[in-house]
Amino acid sequence: MYNMKIPYFPRHLKVSTLAFKNFFEVEEIDGKTCFKGLEAKLLECLAEKLNFSFEIILSPISGLANINGTWDGVIGLVQSGEADMGLGTLSISGERMKAVDFSVPYNILKKIFVVKEPGPMPKITAFTYPFTQNAWILYALMILTATVLFRRIMFRKATLLGSFILVFGSIVSQAMENVRDTPWRRLLFGLWMTSAVMPFLYNINFLSFLTMPEKVPVPGTFRDLSEQC
C-alpha cells in the first residue's frame with residue numbers, strides 16, 4: 001500500500017506497519033534496530049533493489065474508518081501523508097481502496113472449515129430418496145389429475161376410488177381394464193403412458209442407493225454452513 005501523491009520515487013520512505021509476529025518484528029540488538037519477519041524481509045529487499053532508505057512508524061492497528069471519511073491506524077497514516085507506504089498483513093477491501101492505493105497482492109489467505117464425517121442417510125425413508133420433494137409433489141398431482149380425467153373419459157361406471165386404483169396400478173405395470181372406446185381414449189392413454197418412464201427411473205435410482213447408500217449432505221461453502229446454524 002502506498003501514497004500515489006508522491007510525483008517521483010524518493011530516496012527515503014516513511015513506512016507505517018504493525019508489529020506482528022513472524023510478519024514484522026522490531027528488535028534492539030546491541031543498540032541497533034533490527035527487523036525480522038516476512039514483510040520486514042520484503043521491505044529490505046525492496047529498499048536494496050530500488051535503492052532507498054526507510055523509517056518505520058509503528059501503529060497499533062491496521063486501520064478503521066471514521067464517520068467523517070478519514071481512517072486511523074496504518075491506513076490513516078498513509079491517507080494523511082504522514083507515511084509514504086504501509087505494511088502489516090493489510091487486507092484489501094473496497095472501502096480501503098477509496099482511501100489508499102494497494103499494490104498487487106503478494107499473499108492470499110484461504111479460509112476453510114472442517115466438519116465431522118457424515119453418516120449414512122436414514123434407511124427408514126430410503127424409498128423417497130430417488131426423487132426430490134418437488135418431483136414427488138408434481139408426480140402426486142399428476143396422478144390425481146389422471147384419476148379424475150380417466151374416470152370421466154375412459155373408465156365405465158368407475159368410482160373415484162376405483163379410478164385411482166386403476167391409475168395407480170398402471171404405475172406398477174398393471175393392466176387397465178373396463179376402458180371406454182372413445183376418440184379421446186388413445187390420446188389420453190398415450191399421454192399417460194409417457195409417465196411410465198418415472199417408475200423405471202425410480203427403480204434405477206433406488207437400486208443405486210441400496211447398492212451404495214448416500215451420506216448425509218454436509219455444507220460445502222460458508223453460506224451453506226451459515227444456513228444450517
# chains A, B, ... in the order shown; residues from 1 in each chain; ligands from 1
$ closest_atom_pairs --of "segment 68-160 of chain A" --to "segment 213-219 of chain A" --cutoff "10 Å" --atoms "only C-alpha atoms" --output "JSON lines"
{"residue": "A:Phe113", "atom": "CA", "partner": "A:Pro219", "partner_atom": "CA", "distance": 9.7}
{"residue": "A:Val114", "atom": "CA", "partner": "A:Pro219", "partner_atom": "CA", "distance": 9.6}
{"residue": "A:Val115", "atom": "CA", "partner": "A:Val218", "partner_atom": "CA", "distance": 7.7}
{"residue": "A:Lys116", "atom": "CA", "partner": "A:Val218", "partner_atom": "CA", "distance": 8.9}
{"residue": "A:Glu117", "atom": "CA", "partner": "A:Val218", "partner_atom": "CA", "distance": 8.5}
{"residue": "A:Pro118", "atom": "CA", "partner": "A:Val216", "partner_atom": "CA", "distance": 5.5}
{"residue": "A:Gly119", "atom": "CA", "partner": "A:Lys215", "partner_atom": "CA", "distance": 5.5}
{"residue": "A:Pro120", "atom": "CA", "partner": "A:Lys215", "partner_atom": "CA", "distance": 4.1}
{"residue": "A:Met121", "atom": "CA", "partner": "A:Lys215", "partner_atom": "CA", "distance": 5.1}
{"residue": "A:Pro122", "atom": "CA", "partner": "A:Val216", "partner_atom": "CA", "distance": 8.5}
{"residue": "A:Lys123", "atom": "CA", "partner": "A:Pro213", "partner_atom": "CA", "distance": 8.7}
{"residue": "A:Ala126", "atom": "CA", "partner": "A:Pro213", "partner_atom": "CA", "distance": 9.0}
{"residue": "A:Tyr129", "atom": "CA", "partner": "A:Glu214", "partner_atom": "CA", "distance": 9.2}
$ write_last_selection --atoms "N, CA, C and O atoms" --output "compact mmCIF listing (two decimals), in the first residue's frame"
# COMPACT_ATOMS: atom_id res chain seq x y z
N PHE A 113 -13.14 -24.69 6.49
CA PHE A 113 -13.68 -25.24 7.72
C PHE A 113 -13.79 -26.75 7.56
O PHE A 113 -13.84 -27.27 6.44
N VAL A 114 -13.78 -27.45 8.67
CA VAL A 114 -13.90 -28.91 8.65
C VAL A 114 -15.13 -29.31 9.43
O VAL A 114 -15.54 -28.63 10.38
N VAL A 115 -15.74 -30.39 9.03
CA VAL A 115 -16.91 -30.92 9.71
C VAL A 115 -16.72 -32.40 9.95
O VAL A 115 -15.88 -33.04 9.33
N LYS A 116 -17.48 -32.92 10.86
CA LYS A 116 -17.41 -34.34 11.16
C LYS A 116 -17.88 -35.15 9.96
O LYS A 116 -18.80 -34.77 9.25
N GLU A 117 -17.22 -36.27 9.73
CA GLU A 117 -17.59 -37.12 8.59
C GLU A 117 -19.06 -37.55 8.72
O GLU A 117 -19.47 -38.07 9.76
N PRO A 118 -19.86 -37.29 7.67
CA PRO A 118 -21.30 -37.59 7.78
C PRO A 118 -21.57 -39.08 7.79
O PRO A 118 -20.82 -39.88 7.21
N GLY A 119 -22.65 -39.44 8.45
CA GLY A 119 -23.09 -40.83 8.46
C GLY A 119 -24.02 -41.12 7.30
O GLY A 119 -24.37 -40.23 6.52
N PRO A 120 -24.45 -42.36 7.13
CA PRO A 120 -25.35 -42.70 6.02
C PRO A 120 -26.74 -42.10 6.22
O PRO A 120 -27.15 -41.79 7.33
N MET A 121 -27.43 -41.93 5.12
CA MET A 121 -28.80 -41.41 5.18
C MET A 121 -29.69 -42.43 5.91
O MET A 121 -29.47 -43.64 5.82
N PRO A 122 -30.72 -41.96 6.62
CA PRO A 122 -31.63 -42.88 7.32
C PRO A 122 -32.31 -43.83 6.34
O PRO A 122 -32.81 -43.42 5.29
N LYS A 123 -32.32 -45.12 6.68
CA LYS A 123 -32.88 -46.12 5.76
C LYS A 123 -34.41 -46.17 5.80
O LYS A 123 -35.03 -46.67 4.88
N ALA A 126 -35.74 -44.35 2.89
CA ALA A 126 -34.93 -44.53 1.70
C ALA A 126 -35.76 -44.54 0.42
O ALA A 126 -35.27 -44.16 -0.65
N TYR A 129 -35.78 -41.18 -1.53
CA TYR A 129 -34.54 -40.53 -1.96
C TYR A 129 -34.39 -40.39 -3.48
O TYR A 129 -33.78 -39.43 -3.94
$ select_by_dssp --residues "segment 30-84 of chain A" --states "alpha helix (DSSP H)" --output "ChimeraX atom specification"
/A:38-50,73-80
$ residues_around --residues "segment 78-93 of chain A" --least-positions-apart "2" --cutoff "7 Å" --atoms "only C-alpha atoms" --output "list in words"
Met1, Tyr2, Asn3, Leu13, Lys14, Val15, Ser16, Thr17, Leu18, Phe24, Ser62, Val74, Ile75, Gly76, Glu95, Arg96, Met97, Ala99 and Val100 of chain A
$ atom_distance --atom1 "atom CA of Val167 of chain A" --atom2 "atom CA of Thr132 of chain A"
22.1 Å
$ residues_around --residues "Thr145 of chain A" --least-positions-apart "3" --cutoff "12 Å" --atoms "only C-alpha atoms" --output "JSON, numbers by chain"
{"A": [138, 139, 140, 141, 142, 148, 149, 150, 151, 152, 160, 163, 164, 167, 168, 188, 192]}
$ residues_around --residues "Phe52 of chain A" --least-positions-apart "4" --cutoff "6 Å" --atoms "only C-alpha atoms" --output "count of residues only"
3
